[in-house]
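These notes are about the structure you will find just below.
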There are 2 protein chains.
Amino acid sequence: MPGRPHAVDNPPQRVTLKFLAEYLGLSPATVSVVLTNSPHASTIAQPTKDRIWDAVHKFHYRPNLFARYLQTKRTYSIAVLVPDIGDEFSAMLISGIESKLAEAKFNYFVESHRFAPAQIENSPDTLMDRQVEGMIFINTPLSRRMPVPVVAISDITQAPDVTRIVIDNDKAVLLGLRHLKDFGHQRIAFFKGPERNGDTEARWAAVLRAGSQLGLEVRPELTASMGSYFSAGEVSMMQRGYEAAMMLIEKGRDFTALLAFNDGSAIGAIRAFQDRGFMVPGDISVVGIDDIQLAAFIAPRLTTIRQPLTVMGAMAATTLLGRIAGEQISEETIVQPEFVIRESTAPVKC
Amino acid sequence: MPGRPHAVDNPPQRVTLKFLAEYLGLSPATVSVVLTNSPHASTIAQPTKDRIWDAVHKFHYRPNLFARYLQTKRTYSIAVLVPDIGDEFSAMLISGIESKLAEAKFNYFVESHRFAPAQIENSPDTLMDRQVEGMIFINTPLSRRMPVPVVAISDITQAPDVTRIVIDNDKAVLLGLRHLKDFGHQRIAFFKGPERNGDTEARWAAVLRAGSQLGLEVRPELTASMGSYFSAGEVSMMQRGYEAAMMLIEKGRDFTALLAFNDGSAIGAIRAFQDRGFMVPGDISVVGIDDIQLAAFIAPRLTTIRQPLTVMGAMAATTLLGRIAGEQISEETIVQPEFVIRESTAPVKC
DNA sequence: TTGAAAGCGCTACCAA
DNA sequence: TTGGTAGCGCTTTCAA
């Protein structure tokens with residue numbers, strides 16, 4: 001039997017558990033048990049359950065997650081920290097992250113720090129204030145232990161207990177260099193990534209190793225750095241690649257191929273070579289890394305080493321959810337790159 | 001005088017207001033008043049305030065926002081709904097949104113629906129469950145009134161009381177067409193945007209108006225549609241532009257210029273023209289809309305009509321924050337585009 | 001098979 | 001100048 005008439009006649013703006021209970025002539029406790037399907041719910045009579053669910057639908061009742069949190073301490077939310085959400089690298093990763101989170105009914109906050117020290121220092125705390133249950137750091141520094149699980153992609157954290165998702169840089173670089181070598185290239189220029197980017201050091205070490213392994217010399221005068229990553233938002237990777245390539249040319253273009261740091265810098269470099277009257281790949285072959293969407297549409301189409309960004313994002317999310325659920329997860333997951341041959345490389349001219 | 005010794009010796013894992021109060025020998029009420037700097041706080045003695053703040057720092061106390069919400073009903077969070085966070089259009093907008101939100105100490109949830117009907121239907125509710133104080137809809141449908149303020153960019157909502165941020169499509173198209181006309185182009189091809197994209201109809205209407213205004217014929221056989229936007233994630237705008245351009249050529253290339261729907265489709269089209277042996281801009285001039293980063297790095301550099309995406313994102317955030325604060329805000333904000341002449345257009349050959 | 005009571009961590013109101 | 005009390009909306013024993 002429905003409870004006091006006023007309850008029926010005047011559903012409050014926000015329907016609460018208490019209101020439902022009053023309406024049904026039950027106690028809040030009973031209703032709660034049924035709604036959360038707690039173990040205890042098996043002891044509730046089926047007709048009662050049905051009445052409760054009917055009322056839920058009738059009044060479009062939605063539990064207040066904030067009130068619920070106070071008891072359960074669960075928020076089903078995580079945070080993703082990135083330098084800038086506007087760059088394709090981050091955006092593709094987040095896209096992958098999101099697909100897995102959605103399956104688990106988690107939501108996520110995004111926070112871009114643009115390498116502002118204050119932001120980097122404070123973001124983790126303000127996000128903890130929001131009771132996120134875990135965090136994913138993309139190209140973002142972290143110097144202290146967090147009270148929740150942390151996963152890093154393009155890792156530059158210095159904190160303990162961070163699980164990493166990394167591309168196999170050795171493999172990636174080897175793929176690119178071997179291809180160039182097969183085409184007869186010997187004098188190869190290199191782009192070193194920006195400081196404070198999580199792949200820069202590992203990838204550069206890979207270049208050095210692969211170079212000596214293949215008998216290809218890595219000459220300092222044929223090497224250009226992408227500068228600092230601090231000003232990520234202000235100067236695009238394409239612009240950096242453009243400038244670096246110009247510099248290399250002005251030093252006397254003593255090379256027939258370039259292994260860029262990523263696709264962005266490769267695209268900038270190609271534009272610079274073309275502006276200086278060199279043909280790509282006729283005069284200079286160029287290899288990128290990442291395989292961003294655009295790589296297949298520029299002229300010439302970019303030969304590149306694909307880094308499966310959405311997959312990596314998805315792995316990061318899965319890993320984080322696993323750790324939140326208490327699973328023991330290994331330190332590091334290594335992802336394999338894939339070589340994509342298109343039009344920006346050609347045999348060296350005799 | 002500090003309170004009972006055990007309080008000092010055993011700070012709990014999570015420091016609470018109650019603990020602080022006990023430690024200080026004050027009541028939770030007093031501490032709360034000081035921390036929130038409520039009007040009432042002026043009646044608290046300065047030394048007491050100092051003691052409180054000292055304790056806050058000593059124990060690294062951070063108020064629990066969820067508990068606080070229960071009283072204040074404020075969360076300082078909003079939601080951003082997009083088709084896919086991975087595309088540059090959405091990513092740039094979000095970047096602008098975020099910059100303003102950060103100033104106001106708001107955080108945001110992102111939700112990509114990829115045009116899955118269930119997602120579109122349910123996302124607003126699950127986000128309301130998280131008590132967001134407002135929502136920004138980017139290229140995302142909405143058919144019912146939300147209980148919080150809503151701002152739309154590239155609007156396809158059908159709900160009442162939505163504030164829109166829109167580009168002046170008439171101006172944008174006029175800018176592009178007049179430029180082509182000045183270069184002597186008469187037979188101009190057009191890309192119509194994908195169905196269910198918020199700019200498609202307005203921009204197409206603008207094409208029709210500008211065409212008749214300038215005495216330029218819009219011929220159906222020189223018009224290609226970008227198809228449906230449903231499969232946004234699967235087929236990139238570049239790919240759509242590529243295919244549409246190929247189709248136009250196969251119908252007999254009776255045009256000397258193309259006004260694309262946006263930069264992505266323009267870039268795809270350029271690649272298609274080049275693949276078919278046409279020079280851009282020698283044989284065909286191409287104009288884009290948006291001015292995405294990469295527009296300046298492809299060959300030829302893209303002439304385009306700049307849509308200030310980060311600015312529009314920032315305006316959306318400012319508008320939403322204003323409405324959350326209770327300001328009366330006009331229905332629509334119109335943003336002015338800017339013409340950027342680069343290399344993809346040239347005078348028509350005689 | 002259900003309900004009463006307590007409490008999560010905080011703020012708000014009014015009294016002292 | 002400060003504190004007591006109540007309550008936000010929910011879950012969770014434990015008792016009935």
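Naming scheme: A, B, ... for chains in displayed order of the structure tokens; residues 1 onward per chain; ligands 1 onward as shown.
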Find the residues in chain B near chain A: any atom within 8 Å counts, using only C-alpha atoms. Write them as a PDB file with N, CA and C atoms, in the first residue's frame.
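Everything below was put into out12.pdb:
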```pdb
ATOM      1  N   ARG B  62      42.940  18.379   3.332  1.00  0.00           N
ATOM      2  CA  ARG B  62      42.193  18.808   2.137  1.00  0.00           C
ATOM      3  C   ARG B  62      40.740  18.441   2.351  1.00  0.00           C
ATOM      4  N   PRO B  63      39.878  19.402   2.238  1.00  0.00           N
ATOM      5  CA  PRO B  63      38.455  19.128   2.463  1.00  0.00           C
ATOM      6  C   PRO B  63      37.933  18.095   1.473  1.00  0.00           C
ATOM      7  N   ASN B  64      37.032  17.283   1.904  1.00  0.00           N
ATOM      8  CA  ASN B  64      36.418  16.304   1.033  1.00  0.00           C
ATOM      9  C   ASN B  64      35.290  16.962   0.243  1.00  0.00           C
ATOM     10  N   LEU B  65      35.531  17.069  -1.084  1.00  0.00           N
ATOM     11  CA  LEU B  65      34.565  17.792  -1.918  1.00  0.00           C
ATOM     12  C   LEU B  65      33.219  17.088  -1.987  1.00  0.00           C
ATOM     13  N   PHE B  66      33.243  15.779  -1.823  1.00  0.00           N
ATOM     14  CA  PHE B  66      31.984  15.046  -1.919  1.00  0.00           C
ATOM     15  C   PHE B  66      31.104  15.339  -0.706  1.00  0.00           C
ATOM     16  N   ALA B  67      31.718  15.363   0.432  1.00  0.00           N
ATOM     17  CA  ALA B  67      30.959  15.694   1.642  1.00  0.00           C
ATOM     18  C   ALA B  67      30.484  17.142   1.564  1.00  0.00           C
ATOM     19  N   TYR B  69      29.874  18.836  -1.079  1.00  0.00           N
ATOM     20  CA  TYR B  69      28.797  18.938  -2.058  1.00  0.00           C
ATOM     21  C   TYR B  69      27.431  18.709  -1.428  1.00  0.00           C
ATOM     22  N   LEU B  70      27.395  17.753  -0.514  1.00  0.00           N
ATOM     23  CA  LEU B  70      26.112  17.360   0.049  1.00  0.00           C
ATOM     24  C   LEU B  70      25.392  18.567   0.666  1.00  0.00           C
ATOM     25  N   ASP B  84      34.048  12.521 -31.167  1.00  0.00           N
ATOM     26  CA  ASP B  84      35.269  11.780 -30.930  1.00  0.00           C
ATOM     27  C   ASP B  84      36.370  12.755 -30.559  1.00  0.00           C
ATOM     28  N   ILE B  85      36.981  12.486 -29.443  1.00  0.00           N
ATOM     29  CA  ILE B  85      37.992  13.414 -28.964  1.00  0.00           C
ATOM     30  C   ILE B  85      39.219  13.400 -29.867  1.00  0.00           C
ATOM     31  N   GLY B  86      39.320  12.361 -30.702  1.00  0.00           N
ATOM     32  CA  GLY B  86      40.520  12.226 -31.523  1.00  0.00           C
ATOM     33  C   GLY B  86      40.610  13.153 -32.718  1.00  0.00           C
ATOM     34  N   ASP B  87      39.509  13.796 -33.104  1.00  0.00           N
ATOM     35  CA  ASP B  87      39.659  14.647 -34.276  1.00  0.00           C
ATOM     36  C   ASP B  87      40.072  16.068 -33.900  1.00  0.00           C
ATOM     37  N   GLU B  88      40.827  16.661 -34.792  1.00  0.00           N
ATOM     38  CA  GLU B  88      41.456  17.930 -34.443  1.00  0.00           C
ATOM     39  C   GLU B  88      40.432  19.018 -34.136  1.00  0.00           C
ATOM     40  N   ALA B  91      39.356  18.462 -30.589  1.00  0.00           N
ATOM     41  CA  ALA B  91      40.493  18.609 -29.681  1.00  0.00           C
ATOM     42  C   ALA B  91      40.866  20.078 -29.494  1.00  0.00           C
ATOM     43  N   MET B  92      40.836  20.844 -30.577  1.00  0.00           N
ATOM     44  CA  MET B  92      41.184  22.254 -30.458  1.00  0.00           C
ATOM     45  C   MET B  92      40.134  23.012 -29.646  1.00  0.00           C
ATOM     46  N   ILE B  94      38.238  21.774 -27.311  1.00  0.00           N
ATOM     47  CA  ILE B  94      38.381  21.389 -25.906  1.00  0.00           C
ATOM     48  C   ILE B  94      39.566  22.099 -25.284  1.00  0.00           C
ATOM     49  N   SER B  95      40.610  22.237 -26.080  1.00  0.00           N
ATOM     50  CA  SER B  95      41.783  22.943 -25.581  1.00  0.00           C
ATOM     51  C   SER B  95      41.397  24.363 -25.146  1.00  0.00           C
ATOM     52  N   GLU B  98      39.174  24.238 -21.983  1.00  0.00           N
ATOM     53  CA  GLU B  98      39.903  23.938 -20.772  1.00  0.00           C
ATOM     54  C   GLU B  98      40.620  25.147 -20.198  1.00  0.00           C
ATOM     55  N   ASN B 107      36.693  21.591 -13.232  1.00  0.00           N
ATOM     56  CA  ASN B 107      37.203  20.457 -14.006  1.00  0.00           C
ATOM     57  C   ASN B 107      36.106  19.995 -14.945  1.00  0.00           C
ATOM     58  N   TYR B 108      36.482  19.136 -15.889  1.00  0.00           N
ATOM     59  CA  TYR B 108      35.465  18.692 -16.829  1.00  0.00           C
ATOM     60  C   TYR B 108      35.626  17.217 -17.162  1.00  0.00           C
ATOM     61  N   PHE B 109      34.487  16.602 -17.420  1.00  0.00           N
ATOM     62  CA  PHE B 109      34.464  15.250 -17.960  1.00  0.00           C
ATOM     63  C   PHE B 109      34.309  15.342 -19.470  1.00  0.00           C
ATOM     64  N   VAL B 110      34.969  14.442 -20.188  1.00  0.00           N
ATOM     65  CA  VAL B 110      34.754  14.356 -21.624  1.00  0.00           C
ATOM     66  C   VAL B 110      33.996  13.066 -21.907  1.00  0.00           C
ATOM     67  N   GLU B 111      33.081  13.137 -22.840  1.00  0.00           N
ATOM     68  CA  GLU B 111      32.390  11.912 -23.230  1.00  0.00           C
ATOM     69  C   GLU B 111      32.252  11.891 -24.750  1.00  0.00           C
ATOM     70  N   SER B 112      32.809  10.877 -25.387  1.00  0.00           N
ATOM     71  CA  SER B 112      32.679  10.725 -26.836  1.00  0.00           C
ATOM     72  C   SER B 112      31.596   9.706 -27.133  1.00  0.00           C
ATOM     73  N   ASP B 129      24.274  12.454 -13.257  1.00  0.00           N
ATOM     74  CA  ASP B 129      24.509  11.697 -12.026  1.00  0.00           C
ATOM     75  C   ASP B 129      25.779  12.171 -11.342  1.00  0.00           C
ATOM     76  N   ARG B 130      26.708  12.652 -12.149  1.00  0.00           N
ATOM     77  CA  ARG B 130      27.957  13.163 -11.564  1.00  0.00           C
ATOM     78  C   ARG B 130      27.814  14.624 -11.163  1.00  0.00           C
ATOM     79  N   SER B 236      38.038   9.213 -41.948  1.00  0.00           N
ATOM     80  CA  SER B 236      38.471  10.577 -41.656  1.00  0.00           C
ATOM     81  C   SER B 236      37.927  11.547 -42.695  1.00  0.00           C
ATOM     82  N   MET B 238      39.632  13.575 -44.259  1.00  0.00           N
ATOM     83  CA  MET B 238      40.569  13.565 -45.385  1.00  0.00           C
ATOM     84  C   MET B 238      40.189  12.492 -46.393  1.00  0.00           C
ATOM     85  N   ILE B 267      42.267  18.858 -47.828  1.00  0.00           N
ATOM     86  CA  ILE B 267      43.559  18.173 -47.936  1.00  0.00           C
ATOM     87  C   ILE B 267      43.397  16.841 -48.670  1.00  0.00           C
ATOM     88  N   GLY B 268      42.340  16.133 -48.343  1.00  0.00           N
ATOM     89  CA  GLY B 268      42.068  14.892 -49.056  1.00  0.00           C
ATOM     90  C   GLY B 268      41.857  15.150 -50.539  1.00  0.00           C
ATOM     91  N   ARG B 271      45.068  15.859 -52.433  1.00  0.00           N
ATOM     92  CA  ARG B 271      45.799  14.622 -52.691  1.00  0.00           C
ATOM     93  C   ARG B 271      45.182  13.856 -53.866  1.00  0.00           C
ATOM     94  N   GLN B 293      46.242  23.181 -37.834  1.00  0.00           N
ATOM     95  CA  GLN B 293      47.694  23.369 -37.796  1.00  0.00           C
ATOM     96  C   GLN B 293      48.383  22.960 -39.086  1.00  0.00           C
ATOM     97  N   LEU B 294      47.960  21.796 -39.545  1.00  0.00           N
ATOM     98  CA  LEU B 294      48.696  21.243 -40.636  1.00  0.00           C
ATOM     99  C   LEU B 294      48.459  21.951 -41.956  1.00  0.00           C
ATOM    100  N   PHE B 297      51.440  23.341 -43.618  1.00  0.00           N
ATOM    101  CA  PHE B 297      52.606  22.507 -43.883  1.00  0.00           C
ATOM    102  C   PHE B 297      52.450  21.546 -45.048  1.00  0.00           C
ATOM    103  N   ILE B 298      51.226  21.415 -45.556  1.00  0.00           N
ATOM    104  CA  ILE B 298      51.097  20.535 -46.703  1.00  0.00           C
ATOM    105  C   ILE B 298      51.608  21.261 -47.939  1.00  0.00           C
ATOM    106  N   ALA B 299      51.751  20.498 -49.015  1.00  0.00           N
ATOM    107  CA  ALA B 299      52.195  21.098 -50.271  1.00  0.00           C
ATOM    108  C   ALA B 299      51.073  20.955 -51.279  1.00  0.00           C
TER     109      ALA B 299
END
```
Practice item. Return as a PyMOL selection string the residues belonging to chain D that are within 9 Å of chain B, counting only C-alpha atoms (C1' of nucleotides). Key: chain D and resi 1-3+7-9
Exercise for review: Using only C-alpha atoms (C1' of nucleotides), select each residue of chain C with any atom at most 9 Å away from an atom of chain B, and give the selection as a ChimeraX atom specification.
Suggested key: /C:8-12
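Separating atom C1' of DT11 of chain D from atom CA of Arg74 of chain B is a distance of 22.3 Å.
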Residues at most 7 Å from Ala316 of chain A, counting only C-alpha atoms (C1' of nucleotides), excluding those fewer than 5 positions away in the same chain, as an mmCIF file with N, CA and C atoms, in the first residue's frame?
```cif
data_model
loop_
_atom_site.group_PDB
_atom_site.id
_atom_site.type_symbol
_atom_site.label_atom_id
_atom_site.label_comp_id
_atom_site.auth_asym_id
_atom_site.auth_seq_id
_atom_site.Cartn_x
_atom_site.Cartn_y
_atom_site.Cartn_z
ATOM 1 N N ILE A 97 41.891 5.397 -24.509
ATOM 2 C CA ILE A 97 41.610 5.280 -23.073
ATOM 3 C C ILE A 97 40.109 5.277 -22.847
ATOM 4 N N VAL A 151 49.351 4.954 -14.132
ATOM 5 C CA VAL A 151 49.903 4.363 -15.349
ATOM 6 C C VAL A 151 50.469 5.502 -16.196
ATOM 7 N N ILE A 165 53.354 1.977 -20.177
ATOM 8 C CA ILE A 165 53.030 1.401 -21.474
ATOM 9 C C ILE A 165 54.018 2.038 -22.454
#
```
Review point. Contacts of DC14 of chain C at 12 Å or less, counting only C-alpha atoms (C1' of nucleotides), minus same-chain residues fewer than 4 places along, as an MDAnalysis selection string?
Key: chainID D and resid 3:6
Could you save those same residues with N, CA and C atoms (P, O5', C5', C4', C3', O3' and C1' of nucleotides) as a tab-separated table (two decimals), in the first residue's frame?
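Final output, result06.tsv:
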```
chain	number	residue	atom	x	y	z
D	3	DG	P	34.85	26.33	20.15
D	3	DG	O5'	33.33	25.90	20.35
D	3	DG	C5'	32.66	26.37	21.50
D	3	DG	C4'	31.27	25.77	21.55
D	3	DG	C3'	31.17	24.33	21.05
D	3	DG	O3'	30.25	23.66	21.90
D	3	DG	C1'	29.78	25.73	19.73
D	4	DG	P	30.02	22.11	21.83
D	4	DG	O5'	28.44	22.00	21.92
D	4	DG	C5'	27.63	23.18	22.12
D	4	DG	C4'	26.19	22.85	21.76
D	4	DG	C3'	25.90	21.37	21.48
D	4	DG	O3'	24.55	21.11	21.84
D	4	DG	C1'	25.66	22.62	19.47
D	5	DT	P	23.91	19.69	21.66
D	5	DT	O5'	23.15	19.89	20.28
D	5	DT	C5'	22.39	21.09	20.08
D	5	DT	C4'	21.66	21.00	18.75
D	5	DT	C3'	21.31	19.57	18.32
D	5	DT	O3'	20.02	19.60	17.76
D	5	DT	C1'	22.58	20.61	16.63
D	6	DA	P	19.25	18.27	17.40
D	6	DA	O5'	18.94	18.53	15.86
D	6	DA	C5'	18.75	19.86	15.40
D	6	DA	C4'	18.95	19.90	13.91
D	6	DA	C3'	18.51	18.62	13.19
D	6	DA	O3'	17.71	19.00	12.10
D	6	DA	C1'	20.72	19.19	12.57
```
Exercise for review: Give the helix (DSSP H, G or I) residues of segment 113-264 of chain B, as assigned by DSSP on the backbone, as an MDAnalysis selection string.
Suggested key: chainID B and resid 117:129 169:182 200:214 220:222 237:250 263:264
Would you mind exporting the chosen residues as a CSV table (one decimal), in the first residue's frame, restricted to C-alpha atoms?
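What follows is the written file selection-v3.csv:
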```csv
chain,number,residue,atom,x,y,z
B,117,PRO,CA,22.5,6.1,-30.3
B,118,ALA,CA,22.6,4.5,-26.9
B,119,GLN,CA,25.5,6.7,-25.9
B,120,ILE,CA,23.8,9.8,-27.1
B,121,GLU,CA,20.7,9.0,-25.2
B,122,ASN,CA,22.3,8.0,-21.9
B,123,SER,CA,25.4,10.2,-21.6
B,124,PRO,CA,23.6,13.3,-20.4
B,125,ASP,CA,22.0,11.3,-17.6
B,126,THR,CA,25.1,9.6,-16.4
B,127,LEU,CA,26.8,13.0,-16.5
B,128,MET,CA,24.0,14.5,-14.5
B,129,ASP,CA,24.5,11.7,-12.0
B,169,ASN,CA,29.2,31.0,-42.2
B,170,ASP,CA,27.9,33.6,-44.6
B,171,LYS,CA,31.0,35.7,-44.1
B,172,ALA,CA,33.3,32.7,-44.3
B,173,VAL,CA,31.9,31.4,-47.5
B,174,LEU,CA,31.7,34.9,-49.0
B,175,LEU,CA,35.4,35.4,-48.2
B,176,GLY,CA,36.3,32.2,-50.0
B,177,LEU,CA,34.1,32.6,-53.0
B,178,ARG,CA,35.0,36.3,-53.6
B,179,HIS,CA,38.6,35.3,-53.6
B,180,LEU,CA,38.1,32.7,-56.2
B,181,LYS,CA,36.0,35.0,-58.3
B,182,ASP,CA,38.7,37.6,-58.2
B,200,THR,CA,26.6,21.5,-42.7
B,201,GLU,CA,23.2,23.1,-43.3
B,202,ALA,CA,24.2,26.7,-42.3
B,203,ARG,CA,27.3,26.6,-44.4
B,204,TRP,CA,25.5,25.1,-47.4
B,205,ALA,CA,22.8,27.8,-47.2
B,206,ALA,CA,25.6,30.3,-47.1
B,207,VAL,CA,27.1,28.8,-50.3
B,208,LEU,CA,23.8,29.2,-52.0
B,209,ARG,CA,23.4,32.8,-50.9
B,210,ALA,CA,26.9,33.8,-51.7
B,211,GLY,CA,26.8,32.1,-55.0
B,212,SER,CA,23.8,34.1,-56.2
B,213,GLN,CA,25.1,37.2,-54.6
B,214,LEU,CA,28.3,37.0,-56.6
B,220,PRO,CA,24.5,20.1,-58.6
B,221,GLU,CA,26.9,18.1,-60.8
B,222,LEU,CA,29.8,20.0,-59.3
B,237,MET,CA,37.4,13.8,-43.3
B,238,MET,CA,40.6,13.6,-45.4
B,239,GLN,CA,39.5,10.2,-46.7
B,240,ARG,CA,36.0,11.6,-47.4
B,241,GLY,CA,37.4,14.6,-49.3
B,242,TYR,CA,39.7,12.3,-51.2
B,243,GLU,CA,36.8,10.1,-52.4
B,244,ALA,CA,34.5,13.0,-53.2
B,245,ALA,CA,37.2,14.7,-55.2
B,246,MET,CA,37.9,11.5,-57.2
B,247,MET,CA,34.2,11.2,-57.9
B,248,LEU,CA,34.0,14.8,-59.1
B,249,ILE,CA,37.0,14.2,-61.5
B,250,GLU,CA,35.5,11.1,-62.9
B,263,ASP,CA,40.5,21.7,-44.2
B,264,GLY,CA,40.4,18.0,-43.7
```
Review point. So how many Å separate atom CA of Val235 of chain B and atom CA of Asn197 of chain B, to one decimal?
Key: 14.3 Å
